[in-house]
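Raw target-v8.txt, compact mmCIF, C-alpha atoms:
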# COMPACT_ATOMS: atom_id res chain seq x y z
CA MET Z 286 -61.01 7.63 83.92
CA ASN Z 287 -61.07 10.87 82.04
CA THR Z 288 -57.74 11.89 83.53
CA LYS Z 289 -56.22 8.52 82.59
CA PHE Z 290 -57.45 8.88 79.01
CA LEU Z 291 -56.14 12.41 78.74
CA ASN Z 292 -52.71 11.38 80.04
CA ARG Z 293 -52.51 8.52 77.55
CA ALA Z 294 -53.46 10.84 74.69
CA ARG Z 295 -50.77 13.36 75.76
CA TYR Z 296 -48.28 10.50 76.03
CA SER Z 297 -49.17 9.33 72.50
CA ARG Z 298 -48.80 12.85 71.08
CA SER Z 299 -45.43 13.33 72.73
CA LEU Z 300 -44.24 10.07 71.14
CA ARG Z 301 -45.56 10.93 67.69
CA THR Z 302 -42.98 13.62 66.90
CA PRO Z 303 -39.85 11.48 67.59
CA ILE Z 304 -41.38 8.58 65.68
CA VAL Z 305 -42.06 10.75 62.62
CA ILE Z 306 -38.52 12.17 62.79
CA CYS Z 307 -37.09 8.65 63.03
CA LEU Z 308 -39.11 7.55 60.02
CA LEU Z 309 -37.95 10.56 57.99
CA CYS Z 310 -34.33 9.85 58.93
CA CYS Z 311 -34.73 6.25 57.76
CA VAL Z 312 -36.17 7.38 54.42
CA VAL Z 313 -33.36 9.94 53.90
CA ALA Z 314 -30.71 7.40 54.87
CA PHE Z 315 -32.17 4.86 52.45
CA MET Z 316 -32.22 7.40 49.61
CA ALA Z 317 -28.66 8.49 50.32
CA PHE Z 318 -27.52 4.86 50.37
CA THR Z 319 -29.30 4.18 47.08
CA LEU Z 320 -27.83 7.23 45.33
CA ASN Z 321 -24.36 6.53 46.66
CA ASP Z 322 -24.70 2.96 45.50
CA ASN Z 323 -25.64 4.22 42.03
CA ASN Z 324 -22.58 6.48 41.99
CA LEU Z 325 -20.36 3.60 43.00
CA LYS Z 326 -21.87 1.43 40.27
CA ALA Z 327 -21.34 4.26 37.78
CA ALA Z 328 -17.74 4.68 38.92
CA GLY Z 329 -17.27 0.96 38.60
CA ASN Z 330 -18.49 1.22 35.02
CA LYS Z 331 -16.13 4.18 34.50
CA ALA Z 332 -19.10 6.23 33.28
CA LEU Z 333 -18.63 9.00 35.82
CA PRO Z 334 -15.87 9.76 38.29
CA LEU Z 335 -16.99 9.95 41.89
CA ILE Z 336 -16.42 13.57 42.81
CA GLU Z 337 -15.88 14.50 46.40
CA LYS Z 338 -16.55 18.18 46.55
CA ASP Z 339 -14.31 20.40 48.63
CA SER Z 340 -14.90 24.05 47.85
CA ILE Z 341 -11.93 25.31 49.87
CA ALA Z 342 -9.41 23.01 48.15
CA SER Z 343 -11.04 23.66 44.78
CA LEU Z 344 -10.91 27.45 45.06
CA LYS Z 345 -7.37 27.41 46.42
CA ALA Z 346 -6.28 25.33 43.43
CA PHE Z 347 -8.09 27.58 40.97
CA ASN Z 348 -6.18 30.59 42.26
CA GLN Z 349 -3.03 28.81 41.06
CA VAL Z 350 -4.63 27.75 37.78
CA TYR Z 351 -5.68 31.34 37.13
CA THR Z 352 -2.12 32.69 37.45
CA VAL Z 353 -1.01 30.24 34.76
CA LEU Z 354 -3.91 30.87 32.37
CA MET Z 355 -3.42 34.62 32.64
CA SER Z 356 0.32 34.35 31.97
CA ALA Z 357 1.54 35.46 28.55
CA ARG Z 358 2.20 31.91 27.39
CA CYS Z 359 -1.47 31.00 27.74
CA MET Z 360 -3.32 34.30 27.34
CA ASN Z 361 -1.52 35.40 24.18
CA CYS Z 362 -3.47 32.83 22.17
CA HIS Z 363 -6.73 33.54 24.03
CA PRO Z 364 -7.13 37.24 23.19
CA SER Z 365 -10.28 39.30 23.59
CA GLY Z 366 -10.00 40.44 19.96
CA ASN Z 367 -9.29 38.56 16.75
CA VAL Z 368 -5.54 39.21 16.65
CA PRO Z 369 -3.22 37.05 18.77
CA LEU Z 370 -0.93 38.66 21.33
CA GLN Z 371 2.83 38.55 21.68
CA GLY Z 372 5.44 39.04 24.36
CA ASP Z 373 5.26 39.22 28.11
CA ASP Z 374 3.43 42.57 27.77
CA ASN Z 375 0.67 40.96 25.66
CA HIS Z 376 1.02 43.40 22.77
CA LEU Z 377 -0.80 42.71 19.51
CA HIS Z 378 1.04 40.25 17.26
CA THR Z 379 3.15 42.09 14.70
CA MET Z 380 1.66 41.86 11.17
CA LEU Z 381 -1.79 41.74 12.83
CA PRO Z 382 -2.68 38.22 11.64
CA LYS Z 383 -6.40 37.53 12.03
CA ARG Z 384 -8.05 34.58 13.71
CA GLY Z 385 -10.08 33.37 10.70
CA GLN Z 386 -13.07 31.05 11.04
CA ASP Z 387 -11.04 28.02 12.07
CA GLY Z 388 -8.57 29.94 14.25
CA LYS Z 389 -5.71 29.15 11.88
CA GLY Z 390 -5.37 32.53 10.22
CA LEU Z 391 -6.33 34.03 6.89
CA TYR Z 392 -4.98 33.91 3.32
CA ALA Z 393 -1.21 34.49 3.33
CA LEU Z 394 -1.17 34.99 7.09
CA LYS Z 395 -2.03 31.56 8.37
CA CYS Z 396 -0.35 30.56 11.64
CA ALA Z 397 1.52 27.61 10.13
CA ASN Z 398 3.11 29.81 7.46
CA CYS Z 399 5.58 31.02 10.09
CA HIS Z 400 5.00 28.71 13.08
CA GLN Z 401 6.72 25.45 12.25
CA PRO Z 402 6.04 22.06 13.86
CA THR Z 403 8.88 22.79 16.32
CA ASN Z 404 10.47 25.94 17.70
CA THR Z 405 12.66 27.87 15.29
CA PRO Z 406 16.18 28.29 16.76
CA GLY Z 407 17.21 31.76 17.87
CA LEU Z 408 16.06 34.57 20.13
CA HIS Z 409 12.40 35.61 19.68
CA THR Z 410 11.99 33.52 16.52
CA PRO Z 411 8.56 31.96 15.88
CA PRO Z 412 7.69 29.29 18.44
CA GLY Z 413 6.52 26.03 16.93
CA ASN Z 414 3.87 23.38 17.35
CA PRO Z 415 2.25 21.06 14.79
CA ASN Z 416 -1.18 22.35 15.81
CA TRP Z 417 -0.52 26.06 16.29
CA HIS Z 418 -3.81 28.01 16.22
CA LEU Z 419 -6.18 30.29 18.10
CA PRO Z 420 -9.59 29.11 19.25
CA PRO Z 421 -12.03 29.21 16.31
CA ALA Z 422 -14.31 32.19 15.65
CA ASN Z 423 -17.43 30.40 16.88
CA MET Z 424 -15.80 29.38 20.21
CA ARG Z 425 -13.30 32.08 21.05
CA MET Z 426 -12.50 30.94 24.60
CA VAL Z 427 -11.26 34.37 25.66
CA PHE Z 428 -8.93 34.55 28.67
CA GLN Z 429 -7.85 38.20 28.29
CA GLY Z 430 -9.78 40.45 30.69
CA ARG Z 431 -11.65 37.62 32.42
CA THR Z 432 -11.97 37.75 36.22
CA PRO Z 433 -11.25 34.52 38.13
CA ARG Z 434 -14.99 33.93 38.49
CA GLN Z 435 -15.71 34.57 34.82
CA LEU Z 436 -12.87 32.34 33.68
CA ALA Z 437 -13.75 29.49 36.05
CA LYS Z 438 -17.37 29.47 34.89
CA GLN Z 439 -16.32 29.69 31.25
CA LEU Z 440 -13.87 26.81 31.57
CA ILE Z 441 -16.51 24.36 32.78
CA ASP Z 442 -19.29 25.49 30.43
CA PRO Z 443 -19.33 23.15 27.38
CA ASN Z 444 -20.94 25.92 25.36
CA GLN Z 445 -17.89 28.09 25.98
CA ASN Z 446 -15.03 25.63 26.47
CA GLY Z 447 -15.03 23.79 23.13
CA HIS Z 448 -17.69 21.25 24.19
CA LYS Z 449 -15.40 19.65 26.76
CA ASP Z 450 -16.90 17.47 29.43
CA MET Z 451 -15.10 16.75 32.70
CA LYS Z 452 -13.08 13.90 31.17
CA LYS Z 453 -11.88 16.08 28.29
CA LEU Z 454 -11.11 18.95 30.63
CA ILE Z 455 -8.92 16.67 32.70
CA GLU Z 456 -7.18 15.38 29.57
CA HIS Z 457 -6.65 18.94 28.35
CA ALA Z 458 -3.92 19.44 30.95
CA ASP Z 459 -1.69 17.32 28.69
CA ASP Z 460 -2.78 18.83 25.37
CA GLY Z 461 0.10 19.52 23.01
CA LEU Z 462 -0.53 23.25 22.84
CA VAL Z 463 -0.90 23.50 26.62
CA LEU Z 464 2.45 21.75 27.01
CA ALA Z 465 3.98 24.17 24.48
CA ALA Z 466 3.64 26.91 27.10
CA TRP Z 467 6.53 25.27 28.94
CA ASN Z 468 8.66 25.08 25.80
CA PRO Z 469 8.15 28.59 24.42
CA GLY Z 470 11.42 29.13 22.60
CA GLU Z 471 14.29 31.46 23.42
CA GLY Z 472 13.56 34.82 25.00
CA ARG Z 473 10.15 34.02 26.46
CA THR Z 474 9.29 33.66 30.15
CA LEU Z 475 7.71 30.47 31.41
CA PRO Z 476 4.34 30.27 33.19
CA PRO Z 477 4.62 30.96 36.94
CA MET Z 478 4.86 27.29 37.94
CA SER Z 479 5.94 23.97 36.46
CA HIS Z 480 3.60 21.98 34.27
CA ALA Z 481 3.44 19.29 36.96
CA ALA Z 482 2.34 21.86 39.56
CA PHE Z 483 -0.17 23.34 37.13
CA LYS Z 484 -1.62 19.94 36.31
CA LYS Z 485 -1.94 19.11 40.00
CA ALA Z 486 -3.78 22.40 40.64
CA TRP Z 487 -5.96 21.90 37.54
CA LEU Z 488 -7.00 18.42 38.65
CA THR Z 489 -7.51 19.53 42.25
CA TRP Z 490 -9.78 22.33 41.08
CA LEU Z 491 -11.82 20.05 38.81
CA ASN Z 492 -11.96 16.99 41.02
CA ASN Z 493 -13.09 18.95 44.06
CA GLY Z 494 -16.11 20.45 42.36
CA ALA Z 495 -14.68 23.06 39.96
CA TYR Z 496 -15.91 25.91 42.14
CA ALA Z 497 -15.84 29.46 40.79
CA PRO Z 498 -14.38 32.21 43.00
CA ALA Z 499 -16.75 34.90 44.25
CA LYS Z 500 -15.26 37.60 42.01
CA MET F 278 19.70 12.99 0.34
CA ILE F 279 16.33 14.69 0.36
CA THR F 280 13.97 14.72 -2.60
CA LEU F 281 11.94 17.87 -3.21
CA ASN F 282 9.36 18.80 -5.82
CA ILE F 283 10.03 22.41 -6.81
CA ASN F 284 8.12 24.09 -9.62
CA LYS F 285 6.99 20.67 -10.88
CA LYS F 286 10.54 19.34 -11.10
CA THR F 287 12.17 16.77 -8.83
CA TYR F 288 15.44 17.64 -7.13
CA ASN F 289 17.66 15.41 -5.00
CA ILE F 290 19.19 17.69 -2.41
CA ASP F 291 22.29 16.83 -0.41
CA ALA F 292 21.58 18.90 2.67
CA ASP F 293 20.76 18.56 6.35
CA PRO F 294 16.99 18.03 6.84
CA GLU F 295 16.98 21.03 9.17
CA THR F 296 18.26 23.38 6.45
CA PRO F 297 15.89 26.26 5.72
CA LEU F 298 14.12 25.85 2.39
CA LEU F 299 15.31 29.30 1.29
CA TRP F 300 18.95 28.19 1.47
CA VAL F 301 18.22 25.18 -0.69
CA LEU F 302 16.23 27.19 -3.23
CA ARG F 303 18.91 29.81 -3.67
CA ASP F 304 22.18 27.96 -3.03
CA HIS F 305 21.45 24.38 -4.13
CA VAL F 306 18.84 24.78 -6.87
CA GLY F 307 19.77 28.25 -8.11
CA LEU F 308 16.31 29.76 -7.90
CA VAL F 309 17.27 33.22 -6.69
CA GLY F 310 13.98 34.98 -7.31
CA THR F 311 13.05 34.28 -3.69
CA LYS F 312 14.89 36.74 -1.44
CA PHE F 313 16.44 36.65 2.00
CA GLY F 314 15.13 39.57 4.06
CA CYS F 315 15.14 39.11 7.84
CA GLY F 316 15.69 35.37 8.32
CA VAL F 317 13.12 35.20 11.13
CA ALA F 318 9.76 35.20 9.32
CA GLN F 319 9.14 38.88 9.97
CA CYS F 320 9.32 40.54 6.54
CA GLY F 321 7.80 38.21 3.91
CA ALA F 322 10.51 38.58 1.25
CA CYS F 323 11.06 34.81 1.21
CA VAL F 324 7.44 33.67 0.74
CA VAL F 325 6.99 30.61 -1.46
CA HIS F 326 4.06 28.21 -1.80
CA LEU F 327 4.11 24.90 -0.01
CA ASP F 328 1.12 22.85 -1.13
CA GLY F 329 -0.57 26.13 -1.94
CA GLU F 330 0.15 27.93 1.34
CA ALA F 331 2.32 31.05 1.55
CA VAL F 332 5.07 29.81 3.86
CA ARG F 333 8.16 31.77 4.81
CA SER F 334 11.01 29.75 3.43
CA CYS F 335 13.63 31.26 5.74
CA VAL F 336 12.18 29.35 8.72
CA THR F 337 10.68 26.38 6.87
CA ARG F 338 13.00 23.39 7.11
CA ILE F 339 13.33 21.22 4.05
CA ASN F 340 12.11 18.15 5.92
CA ARG F 341 8.69 19.87 6.09
CA ALA F 342 8.65 20.17 2.29
CA VAL F 343 9.26 16.47 1.60
CA GLY F 344 6.32 14.97 -0.30
CA LYS F 345 4.81 18.41 -0.91
CA LYS F 346 4.81 20.79 -3.84
CA VAL F 347 7.03 23.85 -3.62
CA VAL F 348 6.30 26.75 -5.96
CA THR F 349 8.55 29.79 -6.18
CA ILE F 350 8.09 33.03 -8.08
CA GLU F 351 9.81 31.34 -11.03
CA GLY F 352 7.11 28.66 -11.09
CA LEU F 353 4.05 30.83 -10.46
CA SER F 354 3.13 30.80 -14.17
CA GLU F 355 4.45 29.17 -17.35
CA LYS F 356 5.06 32.43 -19.23
CA ASN F 357 5.22 35.01 -16.45
CA ASP F 358 1.61 35.76 -17.25
CA HIS F 359 -0.12 35.21 -13.94
CA PRO F 360 -2.74 37.97 -13.50
CA LEU F 361 -0.67 39.37 -10.65
CA GLN F 362 2.49 39.50 -12.76
CA LYS F 363 0.61 41.26 -15.54
CA ALA F 364 -0.96 43.73 -13.13
CA TRP F 365 2.40 44.38 -11.48
CA LEU F 366 3.90 45.32 -14.82
CA GLU F 367 0.90 47.34 -15.89
CA LEU F 368 0.94 49.50 -12.75
CA ASP F 369 4.73 49.58 -12.45
CA VAL F 370 4.43 48.46 -8.84
CA SER F 371 8.05 47.71 -8.04
CA GLN F 372 10.55 50.32 -6.93
CA CYS F 373 13.70 48.55 -5.73
CA GLY F 374 11.85 45.26 -6.22
CA TYR F 375 13.51 43.31 -3.44
CA CYS F 376 10.28 42.40 -1.62
CA GLN F 377 8.14 41.95 -4.72
CA ALA F 378 8.51 38.20 -5.21
CA GLY F 379 7.23 37.67 -1.69
CA GLN F 380 4.46 40.21 -2.19
CA ILE F 381 3.25 38.48 -5.36
CA MET F 382 3.41 35.00 -3.83
CA SER F 383 1.35 36.17 -0.83
CA ALA F 384 -1.14 37.97 -3.08
CA ALA F 385 -1.49 34.81 -5.19
CA VAL F 386 -2.79 32.89 -2.18
CA LEU F 387 -5.23 35.71 -1.44
CA LEU F 388 -6.60 35.66 -5.00
CA LYS F 389 -6.82 31.88 -5.01
CA GLU F 390 -8.96 31.91 -1.86
CA ASN F 391 -10.86 35.15 -2.48
CA LYS F 392 -11.64 36.04 -6.09
CA ASN F 393 -12.92 39.50 -5.25
CA PRO F 394 -10.95 40.86 -2.28
CA THR F 395 -11.87 44.11 -0.56
CA ASP F 396 -9.29 46.55 0.78
CA GLN F 397 -9.76 44.93 4.19
CA ASP F 398 -9.15 41.46 2.73
CA ILE F 399 -5.95 42.78 1.13
CA ASN F 400 -4.86 44.22 4.48
CA ASP F 401 -5.61 40.91 6.20
CA ALA F 402 -3.57 38.98 3.64
CA MET F 403 -0.68 41.34 2.98
CA ALA F 404 0.07 42.92 6.38
CA GLY F 405 2.98 40.51 6.85
CA ASN F 406 4.83 41.60 3.71
CA ILE F 407 7.01 44.64 4.29
CA CYS F 408 8.08 47.00 1.51
CA ARG F 409 10.77 49.46 2.57
CA CYS F 410 10.09 51.56 -0.57
CA GLY F 411 6.48 51.99 0.53
CA THR F 412 4.79 50.71 -2.61
CA TYR F 413 1.78 49.56 -0.63
CA LEU F 414 -0.76 51.67 -2.51
CA ARG F 415 0.39 50.34 -5.88
CA ILE F 416 0.41 46.80 -4.50
CA ARG F 417 -3.21 47.25 -3.42
CA ASP F 418 -4.19 48.63 -6.85
CA ALA F 419 -2.39 45.80 -8.61
CA ILE F 420 -4.19 43.16 -6.55
CA HIS F 421 -7.53 44.71 -7.45
CA LEU F 422 -6.49 44.79 -11.12
CA ALA F 423 -5.32 41.19 -11.00
CA SER F 424 -8.63 40.22 -9.46
CA GLU F 425 -10.41 41.79 -12.44
CA LEU F 426 -8.09 40.01 -14.88
CA GLN F 427 -8.64 36.74 -13.11
CA LYS F 428 -12.40 37.15 -13.37
CA LYS F 429 -12.05 37.74 -17.11
CA GLY F 430 -10.06 34.54 -17.48
CA ASN F 431 -6.76 36.45 -17.47
CA ALA F 432 -7.66 38.12 -20.76
CA GLY F 433 -6.50 41.62 -21.55
CA LEU F 434 -3.35 43.66 -20.90
Could you take the file, read its structure, and then write that structure out as structure tokens?
Amino acid sequence: MNTKFLNRARYSRSLRTPIVICLLCCVVAFMAFTLNDNNLKAAGNKALPLIEKDSIASLKAFNQVYTVLMSARCMNCHPSGNVPLQGDDNHLHTMLPKRGQDGKGLYALKCANCHQPTNTPGLHTPPGNPNWHLPPANMRMVFQGRTPRQLAKQLIDPNQNGHKDMKKLIEHADDGLVLAAWNPGEGRTLPPMSHAAFKKAWLTWLNNGAYAPAK
Amino acid sequence: MITLNINKKTYNIDADPETPLLWVLRDHVGLVGTKFGCGVAQCGACVVHLDGEAVRSCVTRINRAVGKKVVTIEGLSEKNDHPLQKAWLELDVSQCGYCQAGQIMSAAVLLKENKNPTDQDINDAMAGNICRCGTYLRIRDAIHLASELQKKGNAGL
């Protein structure tokens, strides 16, 4: 009798572990289903995009993004100091115009005093854009000297990227000043890839999780 | 035909909308106080005011000036008595004088926005105006003097 009881007890104990595991799996599956369902509902409401994270694709795309952002056409207006840069060698802008509080220059040296709404004809004449400016003094958005990791983290931080959320970051690929990099005026090199290729890489980086490289 | 407001007068200009404002000022309107220096916005000799901003008229197309107020050195004051003009004469700033209209027009924007500029403020405002005679020190002194005159309601001298 005792032996029978002991065997039954052992049998019960050996069953307990798989039963507990099964129950835990059910709970986890239910939670995952519920969360996923919430995401789908949110996506249906267009409140949040459903992001499928893929760190490998994201990092690979950011490597491309980084080459564009560090090219002269982008970096020259994202300097580490308060004077914009010029030329493919990123030298300080002649005349040393200053950023100013709003990023649009100071006194008689405001950007729009020379930079017209469109490019000025001729070699190395002032490039144009209706909204020509540097980032403002309270949100300098420096590219110059940033490592890939530093820049990636900065780009997705609303406190450092001009208060842009994911939607605005995605839209930024088609910003007028971003597009101006591919219409720089005579005598200036283009970014290392087309705008279409850049936009694809930008979106791939963001939509796959906006991962920051290790360094 | 393009209509421009220059020194508080209205002009109907028969010119291509892409024509630089400097060409129209000098060749169409006859206001030759504004000078051609480099033609590519590098020297500042051609600075005029467009709605109060010190634009370089050699690269500013006239279609940008439509509906705005253009002021040249001839229109800076009614009787050539702007504090800067008085200070310029008092300190005998000009040497050859070619760049001086642009210098004064740039300095006028500085004094409008900063009544009491420091040397650094003057550098920040005037670094884009080149003077091949090297009158920079007198220009700096004249801006400080003009600032004092302006504070006194342009009295004196």
Could I get the residues of chain Z with an atom no further than 7 Å from an atom of chain F, each paired with its nearest atom pair and that distance in Å to one decimal, using all atoms listed in the file, sorted by chain and residue number, as a tab-separated table?
residue	atom	partner	partner_atom	distance
Z:Met380	CA	F:Gly405	CA	4.7
Z:Leu381	CA	F:Ala404	CA	6.8
Z:Pro382	CA	F:Asp401	CA	6.7
Z:Lys383	CA	F:Asp401	CA	6.8
Z:Leu391	CA	F:Ala402	CA	6.5
Z:Tyr392	CA	F:Leu387	CA	5.1
Z:Ala393	CA	F:Ala402	CA	5.1
Z:Leu394	CA	F:Ala402	CA	5.8
Z:Asn398	CA	F:Val332	CA	4.1
Z:Cys399	CA	F:Arg333	CA	5.9
Z:Gln401	CA	F:Thr337	CA	6.7
Z:Thr405	CA	F:Val336	CA	6.8
Z:Thr410	CA	F:Val317	CA	5.8
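Atom pair atom CA of Lys392 of chain F / atom CA of Leu434 of chain F has a distance of 18.6 Å (rounded to one decimal).
Within a radius of 7 Å around (13.8, 16.9, 1.7), the polymer residues are F:Ile279, F:Thr280, F:Leu281, F:Ile290, F:Pro294, F:Ile339, F:Asn340, F:Ala342, F:Val343, counting all atoms listed in the file.
Residues surrounding Ile283 of chain F within 10 Å are Tyr288, Leu302, Val306, Leu308, His326, Leu327, Ala342, Lys345, Lys346, Val347, Val348, Thr349, Glu351 and Gly352 of chain F [only C-alpha atoms; sequence separation below 5 positions excluded].
Look at everything within 12 Å of (-12.1, 13.6, 31.1) using only C-alpha atoms, and the residues you get are Lys331, Ala332, Leu333, Pro334, Ile441, His448, Lys449, Asp450, Met451, Lys452, Lys453, Leu454, Ile455, Glu456, His457, Ala458, Asp459, Leu488, Leu491 and Asn492 of chain Z.
Put simply, atom CA of Tyr351 of chain Z is 10.5 Å away from atom CA of Pro498 of chain Z.
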Just need the box for segment 383-401 of chain F, edges along x, y and z, holding every atom the file lists for it with 6 Å tacked onto each side, so centre and edge lengths in Å to one decimal, as lines of an AutoDock Vina configuration file.
center_x = -5.8
center_y = 39.2
center_z = 0.1
size_x = 26.3
size_y = 26.7
size_z = 24.3
- Message: For Gly388 of chain Z, find every residue with an atom within 12 Å (counting only C-alpha atoms), except residues of its own chain fewer than 2 positions away, and show them as a PyMOL selection string.
- Response: chain Z and resi 362-364+367-369+382-386+390-391+394-397+416-426
Could you save those same residues with C-alpha atoms as a PDB file, in the coordinates of the input?
ATOM      1  CA  CYS Z 362      -3.470  32.830  22.170  1.00  0.00           C
ATOM      2  CA  HIS Z 363      -6.730  33.540  24.030  1.00  0.00           C
ATOM      3  CA  PRO Z 364      -7.130  37.240  23.190  1.00  0.00           C
ATOM      4  CA  ASN Z 367      -9.290  38.560  16.750  1.00  0.00           C
ATOM      5  CA  VAL Z 368      -5.540  39.210  16.650  1.00  0.00           C
ATOM      6  CA  PRO Z 369      -3.220  37.050  18.770  1.00  0.00           C
ATOM      7  CA  PRO Z 382      -2.680  38.220  11.640  1.00  0.00           C
ATOM      8  CA  LYS Z 383      -6.400  37.530  12.030  1.00  0.00           C
ATOM      9  CA  ARG Z 384      -8.050  34.580  13.710  1.00  0.00           C
ATOM     10  CA  GLY Z 385     -10.080  33.370  10.700  1.00  0.00           C
ATOM     11  CA  GLN Z 386     -13.070  31.050  11.040  1.00  0.00           C
ATOM     12  CA  GLY Z 390      -5.370  32.530  10.220  1.00  0.00           C
ATOM     13  CA  LEU Z 391      -6.330  34.030   6.890  1.00  0.00           C
ATOM     14  CA  LEU Z 394      -1.170  34.990   7.090  1.00  0.00           C
ATOM     15  CA  LYS Z 395      -2.030  31.560   8.370  1.00  0.00           C
ATOM     16  CA  CYS Z 396      -0.350  30.560  11.640  1.00  0.00           C
ATOM     17  CA  ALA Z 397       1.520  27.610  10.130  1.00  0.00           C
ATOM     18  CA  ASN Z 416      -1.180  22.350  15.810  1.00  0.00           C
ATOM     19  CA  TRP Z 417      -0.520  26.060  16.290  1.00  0.00           C
ATOM     20  CA  HIS Z 418      -3.810  28.010  16.220  1.00  0.00           C
ATOM     21  CA  LEU Z 419      -6.180  30.290  18.100  1.00  0.00           C
ATOM     22  CA  PRO Z 420      -9.590  29.110  19.250  1.00  0.00           C
ATOM     23  CA  PRO Z 421     -12.030  29.210  16.310  1.00  0.00           C
ATOM     24  CA  ALA Z 422     -14.310  32.190  15.650  1.00  0.00           C
ATOM     25  CA  ASN Z 423     -17.430  30.400  16.880  1.00  0.00           C
ATOM     26  CA  MET Z 424     -15.800  29.380  20.210  1.00  0.00           C
ATOM     27  CA  ARG Z 425     -13.300  32.080  21.050  1.00  0.00           C
ATOM     28  CA  MET Z 426     -12.500  30.940  24.600  1.00  0.00           C
TER      29      MET Z 426
END
Could you give me, as JSON lines, every segment 305-382 of chain F residue with an atom at most 10 Å from segment 429-432 of chain F, plus its closest atom pair and distance in Å to one decimal, counting only C-alpha atoms, rows ordered by chain then number?
{"residue": "F:Asp358", "atom": "CA", "partner": "F:Asn431", "partner_atom": "CA", "distance": 8.4}
{"residue": "F:His359", "atom": "CA", "partner": "F:Asn431", "partner_atom": "CA", "distance": 7.6}
{"residue": "F:Pro360", "atom": "CA", "partner": "F:Asn431", "partner_atom": "CA", "distance": 5.9}
{"residue": "F:Leu361", "atom": "CA", "partner": "F:Asn431", "partner_atom": "CA", "distance": 9.6}
{"residue": "F:Lys363", "atom": "CA", "partner": "F:Asn431", "partner_atom": "CA", "distance": 9.0}
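One finds atom CA of Thr395 of chain F at 20.9 Å from atom CA of Gly366 of chain Z.
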Some atoms are missing, so please complete segment 400-411 of chain Z with N, CA, C and O atoms and return it as a PDB file, in the frame of the given file.
ATOM      1  N   HIS Z 400       4.816  29.595  11.923  1.00  0.00           N
ATOM      2  CA  HIS Z 400       5.000  28.710  13.080  1.00  0.00           C
ATOM      3  C   HIS Z 400       5.177  27.278  12.585  1.00  0.00           C
ATOM      4  O   HIS Z 400       4.225  26.652  12.103  1.00  0.00           O
ATOM      5  N   GLN Z 401       6.371  26.787  12.735  1.00  0.00           N
ATOM      6  CA  GLN Z 401       6.720  25.450  12.250  1.00  0.00           C
ATOM      7  C   GLN Z 401       6.281  24.385  13.255  1.00  0.00           C
ATOM      8  O   GLN Z 401       5.827  24.724  14.344  1.00  0.00           O
ATOM      9  N   PRO Z 402       6.432  23.115  12.903  1.00  0.00           N
ATOM     10  CA  PRO Z 402       6.040  22.060  13.860  1.00  0.00           C
ATOM     11  C   PRO Z 402       6.849  22.083  15.158  1.00  0.00           C
ATOM     12  O   PRO Z 402       6.395  21.593  16.190  1.00  0.00           O
ATOM     13  N   THR Z 403       8.070  22.642  15.104  1.00  0.00           N
ATOM     14  CA  THR Z 403       8.880  22.790  16.320  1.00  0.00           C
ATOM     15  C   THR Z 403       9.408  24.220  16.386  1.00  0.00           C
ATOM     16  O   THR Z 403       9.355  24.952  15.399  1.00  0.00           O
ATOM     17  N   ASN Z 404       9.946  24.581  17.542  1.00  0.00           N
ATOM     18  CA  ASN Z 404      10.470  25.940  17.700  1.00  0.00           C
ATOM     19  C   ASN Z 404      11.567  26.220  16.687  1.00  0.00           C
ATOM     20  O   ASN Z 404      12.404  25.358  16.397  1.00  0.00           O
ATOM     21  N   THR Z 405      11.575  27.445  16.158  1.00  0.00           N
ATOM     22  CA  THR Z 405      12.660  27.870  15.290  1.00  0.00           C
ATOM     23  C   THR Z 405      13.825  28.336  16.176  1.00  0.00           C
ATOM     24  O   THR Z 405      13.587  29.084  17.127  1.00  0.00           O
ATOM     25  N   PRO Z 406      15.049  27.885  15.901  1.00  0.00           N
ATOM     26  CA  PRO Z 406      16.180  28.290  16.760  1.00  0.00           C
ATOM     27  C   PRO Z 406      16.403  29.793  16.718  1.00  0.00           C
ATOM     28  O   PRO Z 406      16.158  30.439  15.695  1.00  0.00           O
ATOM     29  N   GLY Z 407      16.875  30.340  17.831  1.00  0.00           N
ATOM     30  CA  GLY Z 407      17.210  31.760  17.870  1.00  0.00           C
ATOM     31  C   GLY Z 407      16.287  32.558  18.778  1.00  0.00           C
ATOM     32  O   GLY Z 407      15.164  32.135  19.080  1.00  0.00           O
ATOM     33  N   LEU Z 408      16.786  33.722  19.198  1.00  0.00           N
ATOM     34  CA  LEU Z 408      16.060  34.570  20.130  1.00  0.00           C
ATOM     35  C   LEU Z 408      14.812  35.182  19.480  1.00  0.00           C
ATOM     36  O   LEU Z 408      14.908  35.797  18.410  1.00  0.00           O
ATOM     37  N   HIS Z 409      13.670  35.013  20.121  1.00  0.00           N
ATOM     38  CA  HIS Z 409      12.400  35.610  19.680  1.00  0.00           C
ATOM     39  C   HIS Z 409      11.983  35.178  18.264  1.00  0.00           C
ATOM     40  O   HIS Z 409      11.245  35.897  17.591  1.00  0.00           O
ATOM     41  N   THR Z 410      12.455  34.058  17.810  1.00  0.00           N
ATOM     42  CA  THR Z 410      11.990  33.520  16.520  1.00  0.00           C
ATOM     43  C   THR Z 410      10.634  32.828  16.739  1.00  0.00           C
ATOM     44  O   THR Z 410      10.250  32.577  17.890  1.00  0.00           O
ATOM     45  N   PRO Z 411       9.907  32.526  15.675  1.00  0.00           N
ATOM     46  CA  PRO Z 411       8.560  31.960  15.880  1.00  0.00           C
ATOM     47  C   PRO Z 411       8.591  30.649  16.659  1.00  0.00           C
ATOM     48  O   PRO Z 411       9.293  29.714  16.282  1.00  0.00           O
TER      49      PRO Z 411
END
